[in-house]
file work09.cif (mmCIF, C-alpha atoms and all ligand atoms)
data_work
#
loop_
_atom_site.label_atom_id
_atom_site.label_comp_id
_atom_site.auth_asym_id
_atom_site.auth_seq_id
_atom_site.Cartn_x
_atom_site.Cartn_y
_atom_site.Cartn_z
CA MET A 1 -2.76 -14.13 14.33
CA GLY A 2 -6.53 -14.29 14.18
CA MET A 3 -6.71 -18.09 13.98
CA GLU A 4 -8.66 -19.97 16.64
CA LEU A 5 -7.35 -23.29 17.90
CA ALA A 6 -9.45 -25.25 15.41
CA ASP A 7 -8.07 -23.13 12.55
CA ILE A 8 -4.49 -23.87 13.62
CA GLU A 9 -5.26 -27.59 13.96
CA ALA A 10 -6.67 -27.57 10.45
CA ALA A 11 -3.61 -25.72 9.12
CA LEU A 12 -1.19 -28.21 10.67
CA GLY A 13 -3.24 -31.16 9.43
CA ASP A 14 -1.58 -34.48 10.26
CA ARG A 15 1.95 -33.23 9.66
CA TYR A 16 2.35 -32.60 13.41
CA PRO A 17 0.84 -34.20 16.50
CA ARG A 18 -2.31 -32.43 17.66
CA TYR A 19 -0.78 -30.93 20.81
CA ARG A 20 1.52 -28.83 18.64
CA ALA A 21 -1.46 -26.74 17.54
CA LYS A 22 -2.24 -26.01 21.18
CA GLN A 23 1.39 -25.06 21.81
CA LEU A 24 1.37 -22.67 18.88
CA TYR A 25 -1.91 -21.18 20.06
CA GLU A 26 -0.54 -20.64 23.56
CA ALA A 27 2.75 -19.23 22.33
CA LEU A 28 0.91 -16.62 20.31
CA TYR A 29 -2.01 -15.63 22.56
CA SER A 30 -1.11 -16.63 26.10
CA LYS A 31 2.67 -16.07 26.14
CA ARG A 32 2.14 -13.46 23.43
CA LEU A 33 5.36 -14.15 21.56
CA LEU A 34 4.94 -11.93 18.56
CA ASP A 35 8.05 -13.49 17.08
CA LEU A 36 7.40 -17.23 17.01
CA SER A 37 11.04 -18.04 16.39
CA ARG A 38 11.39 -17.40 20.14
CA ALA A 39 8.84 -20.12 20.99
CA SER A 40 11.41 -22.54 22.38
CA ALA A 41 8.84 -25.26 23.15
CA LEU A 42 8.14 -25.67 19.44
CA PRO A 43 10.22 -27.71 17.02
CA ALA A 44 12.42 -25.54 14.81
CA ALA A 45 10.49 -26.31 11.64
CA LEU A 46 7.23 -25.15 13.16
CA ARG A 47 8.75 -21.97 14.55
CA THR A 48 9.72 -20.79 11.11
CA GLU A 49 6.93 -22.28 9.02
CA PHE A 50 4.29 -19.82 10.25
CA PRO A 51 4.94 -16.11 10.57
CA SER A 52 2.93 -14.82 13.54
CA GLY A 53 1.17 -12.18 11.49
CA ALA A 54 1.97 -9.56 14.12
CA LEU A 55 1.41 -5.99 12.98
CA LYS A 56 4.23 -3.54 12.40
CA VAL A 57 4.17 0.12 13.28
CA ASP A 58 4.28 2.61 10.44
CA SER A 59 4.49 5.63 12.77
CA ARG A 60 3.94 6.55 16.38
CA TYR A 61 2.80 9.88 17.87
CA ASP A 62 3.23 10.69 21.56
CA SER A 63 0.91 13.18 23.24
CA ILE A 64 1.89 15.43 26.12
CA ASP A 65 -0.86 13.70 28.17
CA GLY A 66 0.73 10.23 27.80
CA THR A 67 -1.59 9.05 25.02
CA VAL A 68 0.13 7.28 22.13
CA ARG A 69 -1.39 7.07 18.66
CA TYR A 70 -0.11 4.34 16.36
CA LEU A 71 -0.42 4.08 12.63
CA MET A 72 -0.21 0.32 12.14
CA ALA A 73 1.09 -1.06 8.85
CA LEU A 74 -1.09 -3.79 7.34
CA GLU A 75 0.14 -6.43 4.94
CA ASP A 76 -1.47 -4.89 1.87
CA GLY A 77 0.26 -1.56 2.49
CA LYS A 78 -2.76 0.13 4.08
CA THR A 79 -2.53 1.65 7.55
CA VAL A 80 -4.95 1.85 10.44
CA GLU A 81 -4.93 3.66 13.78
CA SER A 82 -4.86 2.42 17.35
CA VAL A 83 -4.58 4.52 20.51
CA PHE A 84 -3.09 3.73 23.92
CA MET A 85 -4.41 5.80 26.84
CA PRO A 86 -2.65 5.15 30.13
CA GLU A 87 -4.26 6.28 33.36
CA ARG A 88 -3.54 5.53 36.97
CA GLY A 89 -5.08 2.12 37.72
CA ARG A 90 -6.54 1.72 34.26
CA ASP A 91 -5.19 1.54 30.72
CA THR A 92 -7.47 1.85 27.71
CA LEU A 93 -6.68 0.63 24.21
CA CYS A 94 -8.80 2.13 21.44
CA ILE A 95 -8.84 -0.26 18.51
CA SER A 96 -10.06 0.06 14.90
CA SER A 97 -12.40 -2.37 13.17
CA GLN A 98 -12.16 -1.06 9.60
CA VAL A 99 -9.77 1.04 7.52
CA GLY A 100 -11.80 4.26 7.29
CA CYS A 101 -15.55 4.16 7.77
CA PRO A 102 -18.51 4.11 5.36
CA VAL A 103 -20.91 5.81 7.80
CA ASP A 104 -21.20 9.48 7.02
CA CYS A 105 -21.42 11.16 10.45
CA LYS A 106 -21.02 14.89 9.97
CA PHE A 107 -18.80 15.55 13.01
CA CYS A 108 -16.28 12.74 12.47
CA LEU A 109 -12.97 12.97 10.62
CA THR A 110 -12.83 9.23 9.93
CA ALA A 111 -15.98 9.65 7.83
CA LEU A 112 -13.99 11.79 5.37
CA MET A 113 -11.83 8.76 4.50
CA GLY A 114 -14.73 6.62 3.35
CA LEU A 115 -14.35 2.87 3.72
CA GLU A 116 -11.16 1.28 2.45
CA ARG A 117 -11.74 -2.22 3.78
CA ASN A 118 -12.72 -4.37 6.74
CA LEU A 119 -9.99 -5.52 9.11
CA THR A 120 -9.51 -9.23 9.71
CA ALA A 121 -9.87 -10.73 13.19
CA GLY A 122 -6.08 -11.09 13.18
CA GLU A 123 -5.59 -7.40 12.46
CA ILE A 124 -7.98 -6.50 15.29
CA VAL A 125 -6.26 -8.79 17.82
CA GLY A 126 -2.89 -7.72 16.40
CA GLN A 127 -3.48 -4.10 17.44
CA VAL A 128 -4.15 -5.24 21.02
CA LEU A 129 -1.18 -7.58 21.25
CA HIS A 130 1.18 -5.04 19.77
CA ILE A 131 0.25 -2.31 22.26
CA ALA A 132 0.22 -4.79 25.17
CA ALA A 133 3.74 -5.91 24.26
CA GLU A 134 5.10 -2.42 23.78
CA HIS A 135 3.75 -1.12 27.10
CA ASN A 136 4.22 -4.31 29.14
CA LEU A 137 0.50 -4.68 29.78
CA GLU A 138 -0.96 -7.86 31.22
CA PRO A 139 -4.30 -8.51 29.51
CA LYS A 140 -5.33 -10.96 32.23
CA ASP A 141 -5.41 -8.32 34.95
CA ARG A 142 -8.13 -5.80 35.49
CA GLN A 143 -6.10 -2.79 34.54
CA MET A 144 -6.46 -3.22 30.79
CA ASN A 145 -9.58 -2.20 28.86
CA ILE A 146 -10.38 -2.31 25.16
CA VAL A 147 -12.80 -0.06 23.33
CA MET A 148 -13.53 -0.69 19.66
CA MET A 149 -14.02 2.98 18.99
CA GLY A 150 -11.19 3.64 16.56
CA GLN A 151 -11.66 3.82 12.82
CA GLY A 152 -14.68 2.05 11.45
CA GLU A 153 -18.17 0.86 12.25
CA PRO A 154 -17.67 -2.46 14.10
CA MET A 155 -21.18 -3.70 13.30
CA MET A 156 -20.32 -3.63 9.60
CA ASN A 157 -17.56 -6.11 10.36
CA LEU A 158 -19.32 -8.07 13.08
CA ASP A 159 -17.99 -11.55 12.26
CA ALA A 160 -14.38 -10.43 12.60
CA VAL A 161 -15.19 -8.36 15.71
CA LEU A 162 -16.80 -11.35 17.42
CA LYS A 163 -13.98 -13.67 16.40
CA ALA A 164 -11.44 -11.19 17.78
CA THR A 165 -13.47 -10.97 20.98
CA ARG A 166 -13.46 -14.77 21.40
CA LEU A 167 -9.69 -14.79 20.93
CA LEU A 168 -9.22 -12.00 23.46
CA VAL A 169 -11.36 -13.61 26.17
CA ASP A 170 -10.34 -17.27 25.81
CA PRO A 171 -8.83 -18.22 29.20
CA ALA A 172 -6.36 -20.50 27.39
CA GLY A 173 -5.23 -17.57 25.26
CA VAL A 174 -5.16 -13.84 25.87
CA GLY A 175 -7.54 -14.29 28.82
CA MET A 176 -9.26 -10.91 29.13
CA SER A 177 -12.68 -10.53 30.71
CA GLU A 178 -15.69 -9.81 28.48
CA ARG A 179 -16.48 -7.00 30.90
CA ARG A 180 -13.43 -5.07 29.78
CA ILE A 181 -14.15 -5.02 26.05
CA THR A 182 -16.64 -2.53 24.58
CA VAL A 183 -17.87 -2.11 21.04
CA SER A 184 -19.41 1.16 19.91
CA THR A 185 -21.88 1.48 17.05
CA SER A 186 -23.68 4.19 15.16
CA GLY A 187 -26.78 2.01 15.46
CA LEU A 188 -27.14 -0.80 12.90
CA ILE A 189 -30.24 -2.40 14.33
CA PRO A 190 -30.07 -5.95 12.84
CA LYS A 191 -26.41 -6.25 13.78
CA ILE A 192 -27.09 -5.14 17.34
CA GLU A 193 -29.67 -7.93 17.56
CA GLU A 194 -27.19 -10.39 16.08
CA MET A 195 -24.49 -9.43 18.56
CA GLY A 196 -26.95 -9.88 21.42
CA LYS A 197 -27.29 -13.54 20.44
CA ALA A 198 -23.55 -14.29 20.53
CA ALA A 199 -22.43 -16.43 23.47
CA ILE A 200 -19.23 -14.45 23.86
CA ARG A 201 -19.57 -10.78 23.12
CA PRO A 202 -18.24 -7.38 24.14
CA LYS A 203 -20.30 -4.76 25.94
CA LEU A 204 -22.46 -2.53 23.78
CA ALA A 205 -22.12 1.23 23.43
CA ILE A 206 -24.33 3.29 21.14
CA SER A 207 -23.47 6.65 19.63
CA LEU A 208 -26.66 8.61 20.23
CA ASN A 209 -25.49 12.15 19.47
CA ALA A 210 -28.95 13.67 19.04
CA SER A 211 -32.17 14.04 20.97
CA THR A 212 -34.68 13.94 18.10
CA GLU A 213 -35.08 11.97 14.88
CA GLU A 214 -34.74 15.14 12.73
CA GLN A 215 -31.55 16.22 14.46
CA ARG A 216 -30.04 12.74 14.24
CA VAL A 217 -30.83 12.48 10.51
CA GLU A 218 -28.84 15.70 9.99
CA LEU A 219 -25.84 14.60 12.07
CA MET A 220 -25.91 10.87 11.35
CA PRO A 221 -27.66 10.25 8.01
CA ILE A 222 -27.69 6.52 8.79
CA THR A 223 -30.74 7.41 10.93
CA LYS A 224 -32.77 7.58 7.70
CA LYS A 225 -32.30 3.83 7.46
CA TRP A 226 -32.27 2.90 11.16
CA HIS A 227 -34.65 5.25 12.97
CA LEU A 228 -34.05 6.59 16.45
CA LYS A 229 -37.32 5.16 17.81
CA ASP A 230 -36.42 1.68 16.56
CA LEU A 231 -32.89 2.01 17.93
CA ILE A 232 -34.26 2.70 21.41
CA GLU A 233 -36.70 -0.17 20.97
CA VAL A 234 -33.92 -2.65 20.15
CA CYS A 235 -32.04 -1.42 23.22
CA LEU A 236 -35.10 -2.12 25.40
CA HIS A 237 -34.98 -5.75 24.31
CA TYR A 238 -31.21 -6.15 24.25
CA PRO A 239 -30.15 -9.16 26.37
CA LEU A 240 -27.94 -7.42 28.92
CA ARG A 241 -25.97 -9.64 31.27
CA SER A 242 -26.57 -9.15 34.99
CA TRP A 243 -23.47 -6.98 35.38
CA GLU A 244 -23.92 -5.02 32.17
CA PHE A 245 -25.10 -1.48 31.44
CA LEU A 246 -25.66 -0.02 27.99
CA THR A 247 -23.49 3.00 27.28
CA PHE A 248 -24.74 5.91 25.21
CA GLU A 249 -22.21 8.33 23.79
CA TYR A 250 -23.25 11.86 23.00
CA VAL A 251 -20.99 14.27 21.13
CA LEU A 252 -21.90 17.83 22.07
CA LEU A 253 -21.89 20.35 19.23
CA ARG A 254 -22.16 24.00 20.17
CA GLY A 255 -25.62 25.41 19.47
CA VAL A 256 -26.68 22.26 17.61
CA ASN A 257 -27.50 19.50 20.10
CA ASP A 258 -26.25 20.91 23.41
CA THR A 259 -29.23 22.79 24.90
CA ASP A 260 -30.99 22.04 28.18
CA GLY A 261 -33.96 20.92 26.09
CA ASP A 262 -31.75 18.37 24.33
CA ALA A 263 -30.52 17.11 27.70
CA ARG A 264 -34.10 16.68 28.96
CA ARG A 265 -35.07 14.83 25.77
CA VAL A 266 -32.06 12.52 26.09
CA ARG A 267 -33.04 11.74 29.67
CA LYS A 268 -36.59 10.96 28.59
CA LEU A 269 -35.51 8.89 25.59
CA LEU A 270 -33.32 6.64 27.74
CA ALA A 271 -35.54 6.64 30.82
CA ASN A 272 -36.47 2.95 30.71
CA LEU A 273 -33.02 1.61 29.90
CA LYS A 274 -30.35 0.23 32.21
CA CYS A 275 -27.73 2.59 30.93
CA LYS A 276 -25.17 5.30 31.45
CA VAL A 277 -24.34 8.29 29.27
CA ASN A 278 -20.90 9.52 28.25
CA LEU A 279 -20.73 13.10 27.03
CA ILE A 280 -17.94 14.11 24.66
CA ALA A 281 -17.44 17.75 23.77
CA LEU A 282 -16.66 17.86 20.05
CA ASN A 283 -13.04 17.30 19.20
CA PRO A 284 -12.44 19.67 16.32
CA GLY A 285 -10.74 18.87 13.06
CA PRO A 286 -10.18 20.33 9.60
CA GLY A 287 -13.32 20.07 7.50
CA ILE A 288 -15.63 19.53 10.49
CA PRO A 289 -18.30 22.27 10.36
CA PHE A 290 -19.06 22.37 14.10
CA GLU A 291 -17.72 24.02 17.23
CA THR A 292 -16.97 22.78 20.71
CA PRO A 293 -19.32 23.95 23.49
CA ASP A 294 -17.94 25.73 26.56
CA PRO A 295 -17.19 23.55 29.58
CA GLU A 296 -20.07 25.22 31.50
CA ARG A 297 -22.54 24.14 28.81
CA VAL A 298 -21.25 20.56 28.98
CA GLU A 299 -21.59 20.56 32.77
CA SER A 300 -25.11 21.93 32.69
CA PHE A 301 -26.07 19.24 30.13
CA GLN A 302 -24.60 16.64 32.43
CA GLU A 303 -26.53 17.93 35.46
CA ILE A 304 -29.83 17.49 33.63
CA VAL A 305 -29.09 14.01 32.25
CA LYS A 306 -27.79 12.95 35.67
CA LEU A 307 -31.25 13.32 37.16
CA GLY A 308 -32.22 10.22 35.17
CA MET A 309 -29.12 8.05 34.85
CA PRO A 310 -25.36 8.08 35.52
CA CYS A 311 -23.76 10.60 33.17
CA PHE A 312 -20.06 11.26 32.73
CA ILE A 313 -17.97 13.76 30.81
CA ARG A 314 -15.30 12.10 28.76
CA ARG A 315 -12.05 13.97 28.88
CA PRO A 316 -10.39 14.13 25.45
CA ARG A 317 -7.09 12.30 25.21
CA GLY A 318 -4.31 12.98 22.75
CA LEU A 319 -5.88 16.06 21.15
CA ASP A 320 -2.45 17.39 20.22
CA ILE A 321 -1.66 14.29 18.14
CA TYR A 322 -5.09 13.81 16.52
CA ALA A 323 -5.76 10.77 18.70
CA ALA A 324 -9.05 11.84 20.32
CA CYS A 325 -12.54 10.52 19.44
CA GLY A 326 -13.49 11.31 15.88
CA GLN A 327 -10.00 12.48 14.93
CA LEU A 328 -8.60 9.27 13.52
CA LYS A 329 -7.92 10.06 9.91
CA ARG A 330 -4.35 9.08 9.46
CA MET A 331 -3.14 12.62 10.26
CA THR A 332 0.58 12.86 9.81
CA GLU A 333 1.26 16.56 9.63
CA GLY A 334 2.23 18.48 12.78
CA ALA A 335 -0.95 19.26 14.67
CA ASP A 336 -1.58 22.66 16.20
CA LEU A 337 -4.51 21.64 18.34
CA VAL A 338 -3.04 21.65 21.83
CA ASP A 339 -6.05 22.81 23.84
CA ILE A 340 -6.69 20.38 26.64
CA SER A 341 -9.23 22.40 28.53
CA TYR A 342 -11.01 19.56 30.39
N1 LIG A 401 -18.15 3.90 14.51
C1 LIG A 401 -18.42 3.68 15.88
C2 LIG A 401 -17.17 3.67 16.71
C3 LIG A 401 -16.12 4.69 16.39
S1 LIG A 401 -16.50 6.35 16.71
C4 LIG A 401 -19.39 4.68 16.40
O1 LIG A 401 -19.67 5.66 15.74
O2 LIG A 401 -19.92 4.45 17.50
C5 LIG A 401 -16.26 6.48 18.46
C6 LIG A 401 -17.02 7.65 19.11
O3 LIG A 401 -16.45 8.90 18.74
C7 LIG A 401 -18.49 7.72 18.73
O4 LIG A 401 -19.29 7.75 19.88
C8 LIG A 401 -18.60 9.02 17.97
O5 LIG A 401 -19.86 9.58 18.12
C9 LIG A 401 -17.49 9.83 18.56
N2 LIG A 401 -17.01 10.93 17.72
C10 LIG A 401 -16.94 10.95 16.38
N3 LIG A 401 -16.44 12.14 15.95
C11 LIG A 401 -16.18 12.87 17.05
C12 LIG A 401 -15.63 14.18 17.27
N4 LIG A 401 -15.24 14.93 16.26
N5 LIG A 401 -15.48 14.59 18.53
C13 LIG A 401 -15.86 13.82 19.57
N6 LIG A 401 -16.36 12.57 19.42
C14 LIG A 401 -16.53 12.11 18.18
FE1 LIG A 402 -17.96 6.00 11.36
FE2 LIG A 402 -18.31 6.16 14.03
FE3 LIG A 402 -17.12 8.18 12.66
FE4 LIG A 402 -19.74 7.73 12.37
S1 LIG A 402 -18.69 8.38 14.26
S2 LIG A 402 -18.28 8.12 10.69
S3 LIG A 402 -19.84 5.50 12.48
S4 LIG A 402 -16.33 6.11 12.91
#
call {"tool": "encode", "arguments": {"input": "work09.cif", "output": "structure tokens", "more": "lines below"}}
Ligand code: SAH
Ligand code: SF4
result
Amino acid sequence: MGMELADIEAALGDRYPRYRAKQLYEALYSKRLLDLSRASALPAALRTEFPSGALKVDSRYDSIDGTVRYLMALEDGKTVESVFMPERGRDTLCISSQVGCPVDCKFCLTALMGLERNLTAGEIVGQVLHIAAEHNLEPKDRQMNIVMMGQGEPMMNLDAVLKATRLLVDPAGVGMSERRITVSTSGLIPKIEEMGKAAIRPKLAISLNASTEEQRVELMPITKKWHLKDLIEVCLHYPLRSWEFLTFEYVLLRGVNDTDGDARRVRKLLANLKCKVNLIALNPGPGIPFETPDPERVESFQEIVKLGMPCFIRRPRGLDIYAACGQLKRMTEGADLVDISY
């Protein structure tokens, strides 16, 4: 898992005819046989020589709203989280790119873990294939969407993220559309530029979360290194495909960044971009020193931003099982957070 066709060819060397590499590749990514001993087209020796590298589940948490949070077991004993969010006509898989996260955003539980390590491309694809298998999803149809918004800052692991994306969109393999994969970043400017140059790449989402430089420095200290003005500038030059919009995410924190003035500044900041805005009312968690705004405040913020660009309110999913945005911190204790007010 995580090997491209050329990698598999290299691994087989001249011990097998070349077409065997292609068969292995298809068994794993197109037929999605997570247990290669079931790949009947392959000779017995080949079926057992290579373990598929599929991930195993350490634990699974089911929300009352249908969301499922998985704690996936990695080979070195670490665990990472992935979330499945079924909806009518559309399923979303939220996938991690790192174990923990080194970016110190003040409203995010994952930040409290720090960074443990990067995931490999195989571990990223493995999360997708595991959830697809368990819920009988067909990656080739339009129903399935992937967001790399789980644990981690994807731009700090860009090579593996892009490799995973190539594997997920290859028509000879998993066969998803690039339009249905989104990567979200806290704003690492050089990496955003690098991703823009990749031939095959996911859509770009940016966690904005503030309307001024000073406010963003407080909430997302990474702004001291990559300034808000420069972040907007790199977005202005980002090579969007004809069908593509930038997405900006904005976590609303009561009394901190949720005023009408903030909404007007956000609208102005993004005025010249082909973009949409997703608002997320803070999902609370232990150790997070902020509160969630009232639904009326969120709606009034939305009304103001909407005058400039499409603006949506993201409904939290899986709050009761610590599966919602910013809550992925390997929580295993019983959660008492059932408050699905949106
Ligand atoms: N590291 C990447 C992707 C993972 S975070 C990034 O920051 O973009 C995914 C989204 O969850 C981000 O937009 C982030 O701003 C948001 N988020 C983090 N903590 C949150 C919280 N407590 N409540 C709601 N959203 C949160
Ligand atoms: Fe990391 Fe994203 Fe959480 Fe910030 S919001 S700490 S970048 S996972």
call {"tool": "residues_around", "arguments": {"input": "work09.cif", "residues": "Thr259 (chain A)", "least_positions_apart": "4", "cutoff": "12 Å", "atoms": "only C-alpha atoms", "output": "VMD selection string"}}
result
chain A and resid 210 to 211 252 to 255 263 to 266 293 to 294 296 to 305
call {"tool": "closest_residue", "arguments": {"input": "work09.cif", "among": "A:Arg315, A:Arg216, A:Lys31, A:Arg201", "to": "ligand LIG 402 (chain A)", "atoms": "only C-alpha atoms and all ligand atoms"}}
result
A:Arg216
call {"tool": "closest_residue", "arguments": {"input": "work09.cif", "among": "A:Glu153, A:Glu26, A:Asp320, A:Asp258", "to": "ligand LIG 401 (chain A)", "atoms": "all atoms listed in the file"}}
result
A:Glu153
call {"tool": "axis_aligned_box", "arguments": {"input": "work09.cif", "around": "ligand LIG 401 (chain A)", "padding_each_side": "5 Å", "output": "AutoDock Vina command-line options"}}
result
--center_x -17.6 --center_y 9.3 --center_z 17.2 --size_x 14.7 --size_y 21.3 --size_z 15.4
call {"tool": "residues_near_ligand", "arguments": {"input": "work09.cif", "ligand": "ligand LIG 402 (chain A)", "cutoff": "8 Å", "atoms": "all atoms listed in the file", "output": "list in words"}}
result
Gly100, Cys101, Pro102, Val103, Asp104, Cys105, Lys106, Phe107, Cys108, Leu109, Thr110, Ala111, Leu112, Met149, Gly150, Gln151, Gly152, Glu153, Ser184, Thr185, Ser186, Ser207, Met220 and Gly326 of chain A
call {"tool": "residues_around", "arguments": {"input": "work09.cif", "residues": "Glu49 (chain A)", "least_positions_apart": "5", "cutoff": "12 Å", "atoms": "all atoms listed in the file", "output": "list in words"}}
result
Ala11, Leu12, Leu24, Asp35, Leu36, Ser37, Leu42, Pro43 and Ala44 of chain A
call {"tool": "write_last_selection", "arguments": {"input": "work09.cif", "atoms": "C-alpha atoms", "output": "short mmCIF file (atom, residue, chain, number, x, y, z; two decimals), keeping the file's coordinate frame"}}
result
data_model
loop_
_atom_site.label_atom_id
_atom_site.label_comp_id
_atom_site.auth_asym_id
_atom_site.auth_seq_id
_atom_site.Cartn_x
_atom_site.Cartn_y
_atom_site.Cartn_z
CA ALA A 11 -3.61 -25.72 9.12
CA LEU A 12 -1.19 -28.21 10.67
CA LEU A 24 1.37 -22.67 18.88
CA ASP A 35 8.05 -13.49 17.08
CA LEU A 36 7.40 -17.23 17.01
CA SER A 37 11.04 -18.04 16.39
CA LEU A 42 8.14 -25.67 19.44
CA PRO A 43 10.22 -27.71 17.02
CA ALA A 44 12.42 -25.54 14.81
#
call {"tool": "closest_residue", "arguments": {"input": "work09.cif", "among": "A:Ser242, A:Gln127, A:Thr182, A:Thr223", "to": "Ile146 (chain A)", "atoms": "all atoms listed in the file"}}
result
A:Thr182
call {"tool": "residues_around", "arguments": {"input": "work09.cif", "residues": "Cys94 (chain A)", "least_positions_apart": "6", "cutoff": "12 Å", "atoms": "only C-alpha atoms", "output": "PyMOL selection string"}}
result
chain A and resi 67-70+80-86+124-125+127-128+131-132+144-152+180-184+317-318+323-326+328
call {"tool": "atom_distance", "arguments": {"input": "work09.cif", "atom1": "CA of Asp230 (chain A)", "atom2": "CA of Pro289 (chain A)"}}
result
28.1 Å
call {"tool": "atom_distance", "arguments": {"input": "work09.cif", "atom1": "CA of Leu33 (chain A)", "atom2": "CA of Leu129 (chain A)"}}
result
9.3 Å
call {"tool": "closest_residue", "arguments": {"input": "work09.cif", "among": "A:Val256, A:Val174, A:Val99, A:Met195", "to": "Asp76 (chain A)", "atoms": "only C-alpha atoms"}}
result
A:Val99
call {"tool": "atom_distance", "arguments": {"input": "work09.cif", "atom1": "CA of Arg314 (chain A)", "atom2": "CA of Asn257 (chain A)"}}
result
16.7 Å
call {"tool": "closest_residue", "arguments": {"input": "work09.cif", "among": "A:Ile280, A:Ala73, A:Ile189, A:Ala121", "to": "ligand LIG 401 (chain A)", "atoms": "all atoms listed in the file"}}
result
A:Ile280
call {"tool": "closest_residue", "arguments": {"input": "work09.cif", "among": "A:Lys197, A:Lys203, A:Gln98, A:Ala271", "to": "ligand LIG 401 (chain A)", "atoms": "only C-alpha atoms and all ligand atoms"}}
result
A:Gln98
call {"tool": "decode", "arguments": {"input": "work09.cif", "residues": "region 155-169 of chain A", "atoms": "N, CA, C and O atoms", "output": "PDB file, in the first residue's frame"}}
result
ATOM      1  N   MET A 155       0.552  20.134   4.556  1.00  0.00           N
ATOM      2  CA  MET A 155       1.641  20.786   3.808  1.00  0.00           C
ATOM      3  C   MET A 155       3.013  20.496   4.428  1.00  0.00           C
ATOM      4  O   MET A 155       4.025  20.773   3.822  1.00  0.00           O
ATOM      5  N   MET A 156       3.023  19.971   5.651  1.00  0.00           N
ATOM      6  CA  MET A 156       4.307  19.586   6.237  1.00  0.00           C
ATOM      7  C   MET A 156       4.662  18.159   5.853  1.00  0.00           C
ATOM      8  O   MET A 156       5.691  17.641   6.264  1.00  0.00           O
ATOM      9  N   ASN A 157       3.781  17.546   5.088  1.00  0.00           N
ATOM     10  CA  ASN A 157       4.028  16.178   4.609  1.00  0.00           C
ATOM     11  C   ASN A 157       3.584  16.098   3.152  1.00  0.00           C
ATOM     12  O   ASN A 157       2.941  15.144   2.727  1.00  0.00           O
ATOM     13  N   LEU A 158       3.959  17.136   2.398  1.00  0.00           N
ATOM     14  CA  LEU A 158       3.382  17.313   1.059  1.00  0.00           C
ATOM     15  C   LEU A 158       3.733  16.184   0.097  1.00  0.00           C
ATOM     16  O   LEU A 158       2.890  15.765  -0.698  1.00  0.00           O
ATOM     17  N   ASP A 159       4.975  15.678   0.157  1.00  0.00           N
ATOM     18  CA  ASP A 159       5.342  14.616  -0.799  1.00  0.00           C
ATOM     19  C   ASP A 159       4.419  13.410  -0.648  1.00  0.00           C
ATOM     20  O   ASP A 159       3.917  12.870  -1.636  1.00  0.00           O
ATOM     21  N   ALA A 160       4.194  12.993   0.597  1.00  0.00           N
ATOM     22  CA  ALA A 160       3.332  11.829   0.816  1.00  0.00           C
ATOM     23  C   ALA A 160       1.877  12.144   0.448  1.00  0.00           C
ATOM     24  O   ALA A 160       1.172  11.301  -0.110  1.00  0.00           O
ATOM     25  N   VAL A 161       1.448  13.365   0.721  1.00  0.00           N
ATOM     26  CA  VAL A 161       0.071  13.766   0.391  1.00  0.00           C
ATOM     27  C   VAL A 161      -0.130  13.739  -1.131  1.00  0.00           C
ATOM     28  O   VAL A 161      -1.152  13.250  -1.624  1.00  0.00           O
ATOM     29  N   LEU A 162       0.851  14.233  -1.860  1.00  0.00           N
ATOM     30  CA  LEU A 162       0.706  14.235  -3.330  1.00  0.00           C
ATOM     31  C   LEU A 162       0.801  12.822  -3.898  1.00  0.00           C
ATOM     32  O   LEU A 162       0.088  12.480  -4.843  1.00  0.00           O
ATOM     33  N   LYS A 163       1.663  12.012  -3.312  1.00  0.00           N
ATOM     34  CA  LYS A 163       1.764  10.625  -3.784  1.00  0.00           C
ATOM     35  C   LYS A 163       0.436   9.898  -3.526  1.00  0.00           C
ATOM     36  O   LYS A 163      -0.090   9.195  -4.394  1.00  0.00           O
ATOM     37  N   ALA A 164      -0.115  10.098  -2.341  1.00  0.00           N
ATOM     38  CA  ALA A 164      -1.406   9.475  -2.019  1.00  0.00           C
ATOM     39  C   ALA A 164      -2.477   9.965  -2.988  1.00  0.00           C
ATOM     40  O   ALA A 164      -3.316   9.187  -3.453  1.00  0.00           O
ATOM     41  N   THR A 165      -2.431  11.246  -3.323  1.00  0.00           N
ATOM     42  CA  THR A 165      -3.430  11.796  -4.246  1.00  0.00           C
ATOM     43  C   THR A 165      -3.304  11.132  -5.621  1.00  0.00           C
ATOM     44  O   THR A 165      -4.307  10.754  -6.234  1.00  0.00           O
ATOM     45  N   ARG A 166      -2.065  10.968  -6.098  1.00  0.00           N
ATOM     46  CA  ARG A 166      -1.879  10.309  -7.410  1.00  0.00           C
ATOM     47  C   ARG A 166      -2.452   8.904  -7.376  1.00  0.00           C
ATOM     48  O   ARG A 166      -3.107   8.457  -8.317  1.00  0.00           O
ATOM     49  N   LEU A 167      -2.200   8.198  -6.274  1.00  0.00           N
ATOM     50  CA  LEU A 167      -2.722   6.823  -6.167  1.00  0.00           C
ATOM     51  C   LEU A 167      -4.251   6.819  -6.144  1.00  0.00           C
ATOM     52  O   LEU A 167      -4.884   5.946  -6.720  1.00  0.00           O
ATOM     53  N   LEU A 168      -4.828   7.790  -5.500  1.00  0.00           N
ATOM     54  CA  LEU A 168      -6.295   7.817  -5.370  1.00  0.00           C
ATOM     55  C   LEU A 168      -6.985   8.216  -6.671  1.00  0.00           C
ATOM     56  O   LEU A 168      -8.128   7.838  -6.904  1.00  0.00           O
ATOM     57  N   VAL A 169      -6.297   8.991  -7.530  1.00  0.00           N
ATOM     58  CA  VAL A 169      -6.979   9.448  -8.747  1.00  0.00           C
ATOM     59  C   VAL A 169      -6.592   8.640  -9.983  1.00  0.00           C
ATOM     60  O   VAL A 169      -7.225   8.811 -11.030  1.00  0.00           O
TER      61      VAL A 169
END
